[in-house]
$ cat entry.csv   # CSV, C-alpha atoms
chain,number,residue,atom,x,y,z
A,1,GLN,CA,-52.5,-156.3,-38.8
A,2,VAL,CA,-50.5,-158.8,-40.6
A,3,GLN,CA,-51.2,-160.2,-44.1
A,4,LEU,CA,-50.0,-163.7,-45.2
A,5,VAL,CA,-49.9,-164.9,-48.7
A,6,GLU,CA,-49.0,-168.5,-49.6
A,7,SER,CA,-47.8,-169.8,-52.9
A,8,GLY,CA,-46.2,-172.9,-54.3
A,9,GLY,CA,-49.0,-175.5,-54.0
A,10,GLY,CA,-49.9,-177.7,-56.9
A,11,LEU,CA,-50.2,-181.3,-58.1
A,12,VAL,CA,-47.3,-183.6,-57.7
A,13,GLN,CA,-46.7,-187.3,-57.9
A,14,ALA,CA,-46.0,-189.4,-54.9
A,15,GLY,CA,-42.3,-189.2,-54.0
A,16,GLY,CA,-42.0,-185.7,-55.4
A,17,SER,CA,-41.1,-182.4,-53.8
A,18,LEU,CA,-42.7,-179.0,-53.5
A,19,ARG,CA,-41.7,-175.8,-51.7
A,20,LEU,CA,-44.3,-173.6,-50.2
A,21,SER,CA,-43.7,-169.9,-49.5
A,22,CYS,CA,-45.5,-167.5,-47.3
A,23,VAL,CA,-44.8,-163.8,-47.5
A,24,ALA,CA,-45.8,-161.7,-44.6
A,25,SER,CA,-46.6,-158.0,-44.7
A,26,GLY,CA,-48.0,-155.3,-42.4
A,27,SER,CA,-47.0,-155.1,-38.7
A,28,ILE,CA,-44.6,-158.0,-39.0
A,29,PHE,CA,-42.3,-156.5,-36.3
A,30,SER,CA,-44.7,-157.8,-33.7
A,31,ILE,CA,-44.7,-161.4,-35.0
A,32,ASN,CA,-42.8,-163.9,-32.8
A,33,SER,CA,-43.6,-167.1,-34.6
A,34,MET,CA,-44.9,-168.5,-37.8
A,35,GLY,CA,-46.1,-171.8,-38.9
A,36,TRP,CA,-47.6,-174.1,-41.5
A,37,TYR,CA,-50.9,-176.0,-40.9
A,38,ARG,CA,-52.8,-178.3,-43.2
A,39,GLN,CA,-56.3,-179.4,-43.5
A,40,ALA,CA,-57.3,-182.5,-45.5
A,41,PRO,CA,-60.9,-183.1,-46.6
A,42,GLY,CA,-63.0,-184.2,-43.7
A,43,LYS,CA,-60.2,-183.7,-41.1
A,44,GLN,CA,-59.3,-181.1,-38.6
A,45,ARG,CA,-56.6,-178.5,-39.3
A,46,GLU,CA,-53.3,-179.7,-37.9
A,47,LEU,CA,-49.9,-178.2,-37.2
A,48,VAL,CA,-47.2,-179.3,-39.7
A,49,ALA,CA,-44.2,-177.1,-38.8
A,50,HIS,CA,-43.4,-174.1,-36.6
A,51,ILE,CA,-40.6,-171.6,-36.4
A,52,THR,CA,-39.9,-168.9,-33.9
A,53,LYS,CA,-38.4,-165.4,-34.4
A,54,GLY,CA,-35.2,-166.8,-33.0
A,55,GLY,CA,-35.2,-169.6,-35.5
A,56,THR,CA,-36.2,-172.5,-33.3
A,57,THR,CA,-38.1,-175.1,-35.4
A,58,ASP,CA,-40.5,-177.9,-34.7
A,59,VAL,CA,-42.0,-180.4,-37.1
A,60,ALA,CA,-44.9,-182.8,-36.7
A,61,ASP,CA,-43.9,-186.4,-36.3
A,62,SER,CA,-45.9,-187.3,-39.4
A,63,VAL,CA,-43.6,-185.3,-41.6
A,64,LYS,CA,-40.4,-185.4,-39.7
A,65,GLY,CA,-37.5,-186.2,-42.0
A,66,ARG,CA,-39.5,-185.2,-45.0
A,67,PHE,CA,-40.5,-181.6,-44.4
A,68,THR,CA,-38.4,-178.6,-43.3
A,69,ILE,CA,-39.4,-175.1,-42.3
A,70,SER,CA,-37.2,-172.2,-42.7
A,71,ARG,CA,-37.4,-168.4,-42.9
A,72,ASP,CA,-35.7,-165.5,-44.8
A,73,ASN,CA,-36.1,-162.5,-42.6
A,74,ALA,CA,-34.9,-160.1,-45.3
A,75,LYS,CA,-37.7,-161.3,-47.5
A,76,ASN,CA,-40.3,-161.6,-44.7
A,77,THR,CA,-40.9,-165.1,-46.0
A,78,VAL,CA,-41.3,-168.5,-44.4
A,79,TYR,CA,-40.8,-171.7,-46.5
A,80,LEU,CA,-42.0,-175.2,-46.2
A,81,GLN,CA,-39.8,-177.6,-48.1
A,82,MET,CA,-41.6,-180.9,-48.7
A,83,HIS,CA,-39.8,-184.0,-49.9
A,84,SER,CA,-41.0,-187.6,-50.4
A,85,LEU,CA,-44.6,-186.5,-50.7
A,86,GLU,CA,-47.3,-189.1,-50.0
A,87,PRO,CA,-51.0,-189.1,-51.0
A,88,GLU,CA,-51.7,-188.6,-47.3
A,89,ASP,CA,-50.1,-185.2,-47.5
A,90,THR,CA,-52.8,-183.9,-49.8
A,91,ALA,CA,-54.4,-180.9,-48.1
A,92,VAL,CA,-54.8,-177.2,-48.1
A,93,TYR,CA,-51.7,-175.8,-46.5
A,94,TYR,CA,-52.1,-172.6,-44.4
A,95,CYS,CA,-49.5,-170.2,-43.2
A,96,SER,CA,-50.0,-168.8,-39.7
A,97,ALA,CA,-48.4,-166.1,-37.6
A,98,ALA,CA,-48.6,-165.2,-34.0
A,99,HIS,CA,-47.5,-162.5,-31.6
A,100,THR,CA,-46.5,-165.2,-29.1
A,101,VAL,CA,-44.2,-168.1,-29.4
A,102,TYR,CA,-47.1,-170.5,-29.8
A,103,GLY,CA,-50.6,-169.8,-31.0
A,104,VAL,CA,-52.2,-168.3,-34.1
A,105,ASP,CA,-53.3,-164.7,-34.6
A,106,TYR,CA,-53.3,-164.6,-38.4
A,107,TRP,CA,-54.0,-167.0,-41.2
A,108,GLY,CA,-53.3,-167.0,-44.8
A,109,LYS,CA,-55.9,-168.1,-47.3
A,110,GLY,CA,-54.2,-171.4,-48.0
A,111,THR,CA,-52.6,-173.2,-50.9
A,112,LEU,CA,-53.7,-176.6,-52.2
A,113,VAL,CA,-51.2,-179.5,-52.4
A,114,THR,CA,-52.4,-182.6,-54.2
A,115,VAL,CA,-50.3,-185.7,-54.2
A,116,SER,CA,-51.2,-188.4,-56.7
A,117,SER,CA,-50.4,-192.0,-56.2

$ encode --input "entry.csv" --output "structure tokens"
Amino acid sequence: QVQLVESGGGLVQAGGSLRLSCVASGSIFSINSMGWYRQAPGKQRELVAHITKGGTTDVADSVKGRFTISRDNAKNTVYLQMHSLEPEDTAVYYCSAAHTVYGVDYWGKGTLVTVSS
């Protein structure tokens, strides 16, 4: 089993920045990829950014150029750096982990990001 704990969410004005963190614990040796998803009220959960064990990253077109995903293997932590935040970025952000390159086997409980206009 793998446990994921997110932090770093909060209220920010449009144009501001936030950095989300996700600390993984448990059987992390078996994890091949991690990611960040978000779910806005009334909308489906969507993939925001993804990073493999080897460091290959992928970012959704809607946040490309504004959001960056990175990882610190020594700290078992994945980050989502968010710049130029927009009200449309308001959502609960969830950390994910998978045994495969793509997919989700574990979810964190989420952290709320609210962007005010």

$ closest_residue --input "entry.csv" --among "A:Ser116, A:Thr68, A:Leu85, A:Pro41" --to "Ser21 of chain A" --atoms "all atoms listed in the file"
A:Thr68

$ closest_residue --input "entry.csv" --among "A:Tyr102, A:Lys109, A:Ala60, A:Ala91" --to "Gly42 of chain A" --atoms "only C-alpha atoms"
A:Ala91

$ residues_around --input "entry.csv" --residues "Gln44 of chain A" --least-positions-apart "5" --cutoff "12 Å" --atoms "only C-alpha atoms" --output "PyMOL selection string"
chain A and resi 37-39+91-92

$ closest_residue --input "entry.csv" --among "A:Val101, A:Ala24, A:Met34, A:Val115" --to "Ser7 of chain A" --atoms "only C-alpha atoms"
A:Ala24

$ residues_around --input "entry.csv" --residues "Glu86 of chain A" --least-positions-apart "6" --cutoff "9 Å" --atoms "only C-alpha atoms" --output "PyMOL selection string"
chain A and resi 13-16+115-117

$ closest_residue --input "entry.csv" --among "A:Leu4, A:Val113, A:Asn73, A:Arg19" --to "Pro87 of chain A" --atoms "only C-alpha atoms"
A:Val113

$ closest_residue --input "entry.csv" --among "A:Asn32, A:Gln3, A:Thr52, A:Thr77" --to "Thr100 of chain A" --atoms "only C-alpha atoms"
A:Asn32

$ closest_residue --input "entry.csv" --among "A:Asp89, A:Thr114, A:Arg45, A:Leu20" --to "Arg71 of chain A" --atoms "only C-alpha atoms"
A:Leu20

$ atom_distance --input "entry.csv" --atom1 "atom CA of Ser25 of chain A" --atom2 "atom CA of Asp72 of chain A"
13.2 Å

$ atom_distance --input "entry.csv" --atom1 "atom CA of Lys75 of chain A" --atom2 "atom CA of Cys22 of chain A"
10.0 Å

$ atom_distance --input "entry.csv" --atom1 "atom CA of Gly55 of chain A" --atom2 "atom CA of Ile69 of chain A"
9.7 Å

$ residues_around --input "entry.csv" --residues "Glu6 of chain A" --least-positions-apart "3" --cutoff "10 Å" --atoms "only C-alpha atoms" --output "PyMOL selection string"
chain A and resi 9+20-24+36+77-79+93-96+107-112
